[in-house]
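These notes concern the structure reproduced below.
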Amino acid sequence: MRLTALPAFADNYIWALVADDGRAVVIDPGQAAPVLAAAAQQGWVPNSILLTHHHDDHIGGVAELQAHFPAVEVYAPVEPRIAIPAHRVGEGEHVQALGLGFHVVSVPGHTRSQIAFHTAEHLFSGDSLFSLGCGRMFEGTPPQLLASLRKLASLPAQLMVCCAHEYTLSNAVFARHVDPTNAALSQRHEEALAMRRDDLPTLPVSLASELECNPFLRTNTPAVQAAVSAHLGRPVTDEVDVVAGLRHWKDGFRT
């Protein structure tokens, strides 16, 4: 099974898992063109499409792909704003494709109906979890966001996180501002800088690395709690307070 990151728009990744027989699972195709080009050049055909949430930069290419590949199966969250023929899936369900089981995890926060998919090797997190960050809280609440991040953090640490945007460098600057003495975070930042200098994706990254480096997965640590308290000008009350303060801080953060 081959994993491919297809760049789209300014900073999106469309992920494709391609089997030896040429069938592929495509995750969050916001544009059809990168998928069509890769399929033609590499000789594969989309067998299934997995959608994590309703934003157009994640679903905008689906209709065109369905037109090119009428047999493709689409799986999406229960969300009326995804007006595409699709199998609707939610927490605890499984999608079978290419002989793999894709486990569905409900992760509201970025949107109220966001889901993620994971196999035994990969976590396709959409915009719920980024490397060294998480998605903006457009529709969810801080308790929902914290619960979703905890759920992702509890998955097997060896999973490779395949998120939908190349935000690692900007997230790293904020993360190091929050957690400046974190040696693993400093190393991850340096490695990511080298990758981008060589025009390489900084993804996928292991969940184990994110647990060491991502402040949004470290809301229970004294360093992150102290940083958020200092930013707020008062002691934080609990982890919901920490994640809310951290997210608000990141939303307005400028380097």
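By convention in this document, the chains of the structure tokens carry letters A, B, ... by their order, each chain's residues are numbered from 1, and ligands are numbered from 1 in the order they are shown.
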Spatial neighbours of segment 237-245 of chain A, 6 Å, only C-alpha atoms, chain gap at least 3 places, as a short mmCIF file (atom, residue, chain, number, x, y, z; two decimals) with C-alpha atoms, in the first residue's frame:
data_model
loop_
_atom_site.label_atom_id
_atom_site.label_comp_id
_atom_site.auth_asym_id
_atom_site.auth_seq_id
_atom_site.Cartn_x
_atom_site.Cartn_y
_atom_site.Cartn_z
CA PRO A 142 -14.02 24.22 24.14
CA PRO A 143 -15.31 21.08 25.95
CA THR A 219 -2.97 20.76 27.97
CA HIS A 248 -7.97 31.97 21.40
CA TRP A 249 -4.29 32.82 21.78
#
From the DSSP assignment of the backbone, select every residue of segment 177-251 of chain A that is helix (DSSP H, G or I), and format the answer as a tab-separated table (two decimals) with N, CA, C and O atoms, in the first residue's frame.
chain	number	residue	atom	x	y	z
A	177	HIS	N	6.63	29.29	21.18
A	177	HIS	CA	6.33	30.44	22.03
A	177	HIS	C	5.65	29.98	23.32
A	177	HIS	O	5.92	30.51	24.40
A	178	VAL	N	4.78	28.98	23.20
A	178	VAL	CA	4.07	28.44	24.36
A	178	VAL	C	4.97	27.56	25.20
A	178	VAL	O	4.93	27.60	26.44
A	183	ALA	N	12.49	20.21	24.17
A	183	ALA	CA	13.56	19.82	23.25
A	183	ALA	C	13.03	19.05	22.05
A	183	ALA	O	13.51	19.23	20.92
A	184	ALA	N	12.02	18.20	22.26
A	184	ALA	CA	11.45	17.44	21.13
A	184	ALA	C	10.79	18.38	20.14
A	184	ALA	O	10.87	18.18	18.92
A	185	LEU	N	10.13	19.41	20.64
A	185	LEU	CA	9.49	20.40	19.77
A	185	LEU	C	10.53	21.17	18.97
A	185	LEU	O	10.37	21.38	17.76
A	186	SER	N	11.62	21.56	19.60
A	186	SER	CA	12.69	22.27	18.88
A	186	SER	C	13.24	21.40	17.76
A	186	SER	O	13.48	21.89	16.64
A	187	GLN	N	13.44	20.13	18.04
A	187	GLN	CA	13.97	19.22	17.02
A	187	GLN	C	12.98	19.05	15.88
A	187	GLN	O	13.36	19.07	14.70
A	188	ARG	N	11.70	18.89	16.21
A	188	ARG	CA	10.66	18.76	15.17
A	188	ARG	C	10.63	20.01	14.29
A	188	ARG	O	10.52	19.90	13.06
A	189	HIS	N	10.76	21.18	14.90
A	189	HIS	CA	10.76	22.43	14.13
A	189	HIS	C	11.94	22.46	13.17
A	189	HIS	O	11.77	22.80	11.98
A	190	GLU	N	13.11	22.11	13.64
A	190	GLU	CA	14.30	22.12	12.78
A	190	GLU	C	14.16	21.12	11.64
A	190	GLU	O	14.52	21.42	10.48
A	191	GLU	N	13.62	19.95	11.94
A	191	GLU	CA	13.43	18.95	10.89
A	191	GLU	C	12.41	19.43	9.86
A	191	GLU	O	12.59	19.24	8.64
A	192	ALA	N	11.35	20.07	10.33
A	192	ALA	CA	10.32	20.58	9.41
A	192	ALA	C	10.87	21.69	8.53
A	192	ALA	O	10.55	21.78	7.33
A	193	LEU	N	11.70	22.55	9.10
A	193	LEU	CA	12.33	23.61	8.30
A	193	LEU	C	13.16	23.01	7.17
A	193	LEU	O	13.11	23.48	6.02
A	194	ALA	N	13.91	21.97	7.47
A	194	ALA	CA	14.74	21.31	6.45
A	194	ALA	C	13.86	20.67	5.37
A	194	ALA	O	14.19	20.76	4.17
A	195	MET	N	12.76	20.05	5.77
A	195	MET	CA	11.86	19.44	4.80
A	195	MET	C	11.30	20.48	3.85
A	195	MET	O	11.27	20.28	2.62
A	196	ARG	N	10.86	21.62	4.39
A	196	ARG	CA	10.26	22.64	3.53
A	196	ARG	C	11.30	23.30	2.64
A	196	ARG	O	10.99	23.69	1.52
A	197	ARG	N	12.54	23.44	3.13
A	197	ARG	CA	13.60	23.97	2.27
A	197	ARG	C	13.82	23.08	1.06
A	197	ARG	O	14.15	23.56	-0.03
A	207	LEU	N	1.93	10.10	15.61
A	207	LEU	CA	1.16	10.61	16.75
A	207	LEU	C	2.05	10.70	17.98
A	207	LEU	O	1.89	11.61	18.80
A	208	ALA	N	2.99	9.79	18.12
A	208	ALA	CA	3.93	9.84	19.24
A	208	ALA	C	4.68	11.17	19.26
A	208	ALA	O	4.85	11.78	20.33
A	209	SER	N	5.11	11.64	18.09
A	209	SER	CA	5.79	12.93	18.01
A	209	SER	C	4.86	14.06	18.42
A	209	SER	O	5.25	14.98	19.17
A	210	GLU	N	3.62	14.00	17.96
A	210	GLU	CA	2.65	15.05	18.31
A	210	GLU	C	2.37	15.08	19.81
A	210	GLU	O	2.21	16.15	20.40
A	211	LEU	N	2.33	13.92	20.43
A	211	LEU	CA	2.09	13.86	21.87
A	211	LEU	C	3.23	14.53	22.64
A	211	LEU	O	3.03	15.08	23.73
A	212	GLU	N	4.43	14.49	22.08
A	212	GLU	CA	5.58	15.14	22.71
A	212	GLU	C	5.65	16.64	22.42
A	212	GLU	O	6.18	17.40	23.23
A	213	CYS	N	5.11	17.06	21.28
A	213	CYS	CA	5.41	18.40	20.76
A	213	CYS	C	4.21	19.33	20.64
A	213	CYS	O	4.38	20.56	20.69
A	215	PRO	N	1.23	21.50	21.56
A	215	PRO	CA	0.67	22.03	22.81
A	215	PRO	C	-0.81	21.72	23.00
A	215	PRO	O	-1.27	21.62	24.13
A	216	PHE	N	-1.55	21.53	21.91
A	216	PHE	CA	-2.97	21.24	22.02
A	216	PHE	C	-3.22	19.81	22.51
A	216	PHE	O	-4.33	19.50	22.94
A	217	LEU	N	-2.21	18.97	22.45
A	217	LEU	CA	-2.30	17.62	23.02
A	217	LEU	C	-1.60	17.55	24.37
A	217	LEU	O	-1.52	16.47	24.96
A	222	PRO	N	2.38	21.02	33.04
A	222	PRO	CA	2.61	22.27	33.74
A	222	PRO	C	3.13	23.39	32.84
A	222	PRO	O	2.75	24.56	33.02
A	223	ALA	N	3.99	23.07	31.89
A	223	ALA	CA	4.57	24.11	31.03
A	223	ALA	C	3.50	24.81	30.22
A	223	ALA	O	3.47	26.06	30.13
A	224	VAL	N	2.62	24.03	29.59
A	224	VAL	CA	1.56	24.63	28.77
A	224	VAL	C	0.55	25.37	29.65
A	224	VAL	O	0.11	26.48	29.33
A	225	GLN	N	0.20	24.80	30.77
A	225	GLN	CA	-0.74	25.45	31.68
A	225	GLN	C	-0.18	26.77	32.19
A	225	GLN	O	-0.90	27.78	32.26
A	226	ALA	N	1.11	26.80	32.53
A	226	ALA	CA	1.72	28.03	33.01
A	226	ALA	C	1.76	29.10	31.92
A	226	ALA	O	1.52	30.29	32.19
A	227	ALA	N	2.05	28.68	30.69
A	227	ALA	CA	2.09	29.64	29.58
A	227	ALA	C	0.72	30.25	29.32
A	227	ALA	O	0.60	31.47	29.11
A	228	VAL	N	-0.32	29.42	29.34
A	228	VAL	CA	-1.67	29.94	29.11
A	228	VAL	C	-2.10	30.84	30.27
A	228	VAL	O	-2.71	31.90	30.06
A	229	SER	N	-1.77	30.46	31.49
A	229	SER	CA	-2.09	31.31	32.65
A	229	SER	C	-1.42	32.67	32.51
A	229	SER	O	-2.05	33.71	32.77
A	230	ALA	N	-0.16	32.68	32.11
A	230	ALA	CA	0.56	33.95	31.94
A	230	ALA	C	-0.08	34.79	30.85
A	230	ALA	O	-0.22	36.02	30.98
A	231	HIS	N	-0.49	34.13	29.76
A	231	HIS	CA	-1.14	34.86	28.67
A	231	HIS	C	-2.47	35.45	29.10
A	231	HIS	O	-2.81	36.59	28.75
A	232	LEU	N	-3.25	34.68	29.87
A	232	LEU	CA	-4.56	35.14	30.32
A	232	LEU	C	-4.47	36.15	31.46
A	232	LEU	O	-5.42	36.89	31.72
A	239	GLU	N	-8.52	21.89	32.25
A	239	GLU	CA	-8.02	21.71	30.88
A	239	GLU	C	-8.92	22.34	29.82
A	239	GLU	O	-8.44	22.73	28.75
A	240	VAL	N	-10.22	22.44	30.10
A	240	VAL	CA	-11.10	23.14	29.16
A	240	VAL	C	-10.67	24.60	29.08
A	240	VAL	O	-10.60	25.19	27.99
A	241	ASP	N	-10.37	25.20	30.22
A	241	ASP	CA	-9.89	26.57	30.27
A	241	ASP	C	-8.57	26.70	29.51
A	241	ASP	O	-8.34	27.67	28.79
A	242	VAL	N	-7.71	25.70	29.66
A	242	VAL	CA	-6.41	25.72	28.97
A	242	VAL	C	-6.61	25.67	27.46
A	242	VAL	O	-6.05	26.48	26.72
A	243	VAL	N	-7.41	24.72	26.97
A	243	VAL	CA	-7.57	24.58	25.52
A	243	VAL	C	-8.30	25.78	24.93
A	243	VAL	O	-7.97	26.24	23.82
A	244	ALA	N	-9.25	26.35	25.67
A	244	ALA	CA	-9.94	27.55	25.19
A	244	ALA	C	-8.98	28.72	25.11
A	244	ALA	O	-8.96	29.47	24.11
A	245	GLY	N	-8.16	28.89	26.16
A	245	GLY	CA	-7.19	29.98	26.14
A	245	GLY	C	-6.14	29.80	25.07
A	245	GLY	O	-5.74	30.76	24.39
A	246	LEU	N	-5.71	28.56	24.88
A	246	LEU	CA	-4.70	28.26	23.87
A	246	LEU	C	-5.23	28.53	22.47
A	246	LEU	O	-4.54	29.14	21.63
A	247	ARG	N	-6.46	28.10	22.21
A	247	ARG	CA	-7.05	28.29	20.89
A	247	ARG	C	-7.26	29.78	20.60
A	247	ARG	O	-6.97	30.26	19.49
A	248	HIS	N	-7.75	30.53	21.58
A	248	HIS	CA	-7.97	31.97	21.40
A	248	HIS	C	-6.65	32.68	21.18
A	248	HIS	O	-6.52	33.58	20.35
A	249	TRP	N	-5.64	32.26	21.92
A	249	TRP	CA	-4.29	32.82	21.78
A	249	TRP	C	-3.75	32.57	20.38
A	249	TRP	O	-3.24	33.49	19.73
A	250	LYS	N	-3.87	31.35	19.92
A	250	LYS	CA	-3.38	31.01	18.58
A	250	LYS	C	-4.13	31.77	17.51
A	250	LYS	O	-3.53	32.21	16.50
A	251	ASP	N	-5.44	31.96	17.67
A	251	ASP	CA	-6.23	32.66	16.65
A	251	ASP	C	-5.72	34.08	16.41
A	251	ASP	O	-5.77	34.59	15.29
For this session: Go through A:Pro46, A:Gly60, A:Pro204, A:Gly101 and flag the residue nearest Gly22 of chain A, using only C-alpha atoms for the distances.
Result: A:Pro46
Problem set entry | Non-local contacts of Ala86 of chain A (12 Å; only C-alpha atoms; under 3 positions in same chain excluded) as a list in words |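 That gives Ser48, Ile49, Leu50, Leu51, Ile59, Val62, Ala63, Gln66, Ala71, Val72, Glu73, Val74, Tyr75, Ala76, Pro77, Val78, Glu79, Pro80, Ile82, Ala83 and Val89 of chain A.
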Convert the current residue selection to file output with all heavy atoms, as a compact mmCIF listing (two decimals), in the first residue's frame.
# COMPACT_ATOMS: atom_id res chain seq x y z
N SER A 48 -12.61 4.49 -3.50
CA SER A 48 -13.41 5.06 -2.42
C SER A 48 -12.91 6.47 -2.13
O SER A 48 -11.73 6.78 -2.31
CB SER A 48 -13.31 4.23 -1.14
OG SER A 48 -13.69 2.90 -1.38
N ILE A 49 -13.83 7.32 -1.67
CA ILE A 49 -13.51 8.67 -1.23
C ILE A 49 -14.01 8.83 0.19
O ILE A 49 -15.18 8.52 0.49
CB ILE A 49 -14.16 9.74 -2.14
CG1 ILE A 49 -13.55 9.69 -3.55
CG2 ILE A 49 -14.00 11.14 -1.54
CD1 ILE A 49 -14.27 10.59 -4.55
N LEU A 50 -13.14 9.29 1.08
CA LEU A 50 -13.51 9.54 2.47
C LEU A 50 -13.50 11.05 2.73
O LEU A 50 -12.52 11.73 2.37
CB LEU A 50 -12.52 8.87 3.42
CG LEU A 50 -12.21 7.39 3.20
CD1 LEU A 50 -11.26 6.88 4.28
CD2 LEU A 50 -13.49 6.56 3.17
N LEU A 51 -14.55 11.56 3.34
CA LEU A 51 -14.67 12.98 3.63
C LEU A 51 -14.75 13.20 5.14
O LEU A 51 -15.52 12.53 5.83
CB LEU A 51 -15.93 13.56 2.96
CG LEU A 51 -16.04 13.36 1.45
CD1 LEU A 51 -17.38 13.91 0.94
CD2 LEU A 51 -14.88 14.02 0.72
N ILE A 59 -14.27 18.99 0.00
CA ILE A 59 -15.25 18.23 -0.77
C ILE A 59 -15.46 18.76 -2.19
O ILE A 59 -16.17 18.15 -2.98
CB ILE A 59 -16.62 18.19 -0.05
CG1 ILE A 59 -17.29 19.58 -0.06
CG2 ILE A 59 -16.48 17.68 1.38
CD1 ILE A 59 -18.73 19.56 0.44
N VAL A 62 -15.34 16.42 -5.37
CA VAL A 62 -15.97 15.10 -5.36
C VAL A 62 -16.89 14.90 -6.57
O VAL A 62 -16.86 13.84 -7.22
CB VAL A 62 -16.75 14.88 -4.05
CG1 VAL A 62 -17.50 13.55 -4.10
CG2 VAL A 62 -15.81 14.90 -2.86
N ALA A 63 -17.71 15.88 -6.88
CA ALA A 63 -18.67 15.72 -7.98
C ALA A 63 -17.95 15.42 -9.30
O ALA A 63 -18.37 14.55 -10.07
CB ALA A 63 -19.54 16.96 -8.12
N GLN A 66 -16.68 11.89 -9.20
CA GLN A 66 -17.78 10.95 -9.41
C GLN A 66 -18.15 10.87 -10.89
O GLN A 66 -18.51 9.80 -11.39
CB GLN A 66 -18.99 11.36 -8.58
CG GLN A 66 -18.85 11.11 -7.09
CD GLN A 66 -20.03 11.62 -6.30
OE1 GLN A 66 -20.49 12.75 -6.49
NE2 GLN A 66 -20.56 10.79 -5.40
N ALA A 71 -18.21 4.50 -10.43
CA ALA A 71 -18.31 3.41 -9.46
C ALA A 71 -17.70 3.76 -8.11
O ALA A 71 -17.79 2.96 -7.17
CB ALA A 71 -17.61 2.16 -10.01
N VAL A 72 -17.10 4.95 -7.98
CA VAL A 72 -16.44 5.29 -6.73
C VAL A 72 -17.45 5.40 -5.58
O VAL A 72 -18.56 5.91 -5.76
CB VAL A 72 -15.64 6.61 -6.87
CG1 VAL A 72 -16.54 7.82 -6.99
CG2 VAL A 72 -14.65 6.78 -5.73
N GLU A 73 -17.09 4.88 -4.42
CA GLU A 73 -17.95 4.94 -3.23
C GLU A 73 -17.49 6.10 -2.36
O GLU A 73 -16.29 6.25 -2.09
CB GLU A 73 -17.84 3.63 -2.43
CG GLU A 73 -18.28 2.39 -3.20
CD GLU A 73 -19.79 2.24 -3.26
OE1 GLU A 73 -20.50 2.99 -2.56
OE2 GLU A 73 -20.25 1.37 -4.03
N VAL A 74 -18.45 6.90 -1.91
CA VAL A 74 -18.13 8.07 -1.09
C VAL A 74 -18.67 7.85 0.32
O VAL A 74 -19.82 7.43 0.49
CB VAL A 74 -18.73 9.36 -1.70
CG1 VAL A 74 -18.38 10.57 -0.85
CG2 VAL A 74 -18.22 9.56 -3.13
N TYR A 75 -17.85 8.18 1.31
CA TYR A 75 -18.23 8.06 2.72
C TYR A 75 -18.05 9.42 3.38
O TYR A 75 -17.00 10.05 3.23
CB TYR A 75 -17.37 7.01 3.42
CG TYR A 75 -17.55 5.62 2.83
CD1 TYR A 75 -16.79 5.22 1.73
CD2 TYR A 75 -18.48 4.73 3.34
CE1 TYR A 75 -16.95 3.97 1.17
CE2 TYR A 75 -18.65 3.47 2.79
CZ TYR A 75 -17.88 3.10 1.70
OH TYR A 75 -18.06 1.85 1.13
N ALA A 76 -19.07 9.86 4.11
CA ALA A 76 -19.07 11.21 4.66
C ALA A 76 -19.78 11.23 6.01
O ALA A 76 -20.57 10.33 6.31
CB ALA A 76 -19.77 12.17 3.69
N PRO A 77 -19.53 12.25 6.82
CA PRO A 77 -20.27 12.36 8.07
C PRO A 77 -21.74 12.67 7.82
O PRO A 77 -22.13 13.06 6.72
CB PRO A 77 -19.58 13.54 8.78
CG PRO A 77 -18.95 14.33 7.69
CD PRO A 77 -18.55 13.33 6.64
N VAL A 78 -22.54 12.48 8.84
CA VAL A 78 -23.96 12.85 8.78
C VAL A 78 -24.02 14.37 8.85
O VAL A 78 -23.93 14.97 9.93
CB VAL A 78 -24.75 12.20 9.93
CG1 VAL A 78 -26.22 12.60 9.84
CG2 VAL A 78 -24.60 10.69 9.89
N GLU A 79 -24.12 14.99 7.69
CA GLU A 79 -24.00 16.45 7.59
C GLU A 79 -24.75 16.92 6.35
O GLU A 79 -24.32 16.66 5.22
CB GLU A 79 -22.51 16.83 7.51
CG GLU A 79 -22.22 18.28 7.20
CD GLU A 79 -22.94 19.23 8.13
OE1 GLU A 79 -22.51 19.36 9.29
OE2 GLU A 79 -23.96 19.83 7.69
N PRO A 80 -25.90 17.61 6.52
CA PRO A 80 -26.68 18.03 5.35
C PRO A 80 -25.97 19.02 4.45
O PRO A 80 -26.33 19.16 3.28
CB PRO A 80 -27.93 18.67 5.98
CG PRO A 80 -27.56 18.99 7.39
CD PRO A 80 -26.55 17.96 7.79
N ILE A 82 -23.14 18.59 3.23
CA ILE A 82 -22.46 17.79 2.21
C ILE A 82 -23.55 17.24 1.30
O ILE A 82 -24.11 16.17 1.55
CB ILE A 82 -21.61 16.67 2.83
CG1 ILE A 82 -20.55 17.25 3.75
CG2 ILE A 82 -20.95 15.83 1.73
CD1 ILE A 82 -19.68 16.23 4.45
N ALA A 83 -23.86 18.01 0.28
CA ALA A 83 -24.98 17.65 -0.61
C ALA A 83 -24.48 16.77 -1.75
O ALA A 83 -24.62 17.10 -2.94
CB ALA A 83 -25.63 18.92 -1.15
N VAL A 89 -21.53 7.99 7.76
CA VAL A 89 -20.91 7.20 8.82
C VAL A 89 -20.64 8.08 10.02
O VAL A 89 -20.48 9.30 9.91
CB VAL A 89 -19.61 6.54 8.33
CG1 VAL A 89 -19.89 5.50 7.25
CG2 VAL A 89 -18.62 7.57 7.81
For this session: Excluding Gln144 of chain A and any residue of its chain fewer than 4 positions from it, enumerate the residues within 8 Å of it, using only C-alpha atoms, and give them as a list in words.
Result: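 Everything that qualifies: Val107, Pro108, Gly109, Gly140 and Ser148 of chain A.
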Exercise. Could you name the residues that touch segment 159-164 of chain A at 6 Å or less, counting only C-alpha atoms, but leaving out those on the same chain fewer than 2 positions away, as number ranges by chain?
Worked result: A: 12-13, 121-126, 130, 156-157, 204-207
For this session: Report as a PyMOL selection string: the residues of segment 43-210 of chain A with a DSSP assignment of strand (DSSP E or B), based on the backbone of this structure.
Result: chain A and resi 45-50+73-77+87-89+94-97+100-106+115-118+122-126+129-130+133-134+160-163+165+205-206
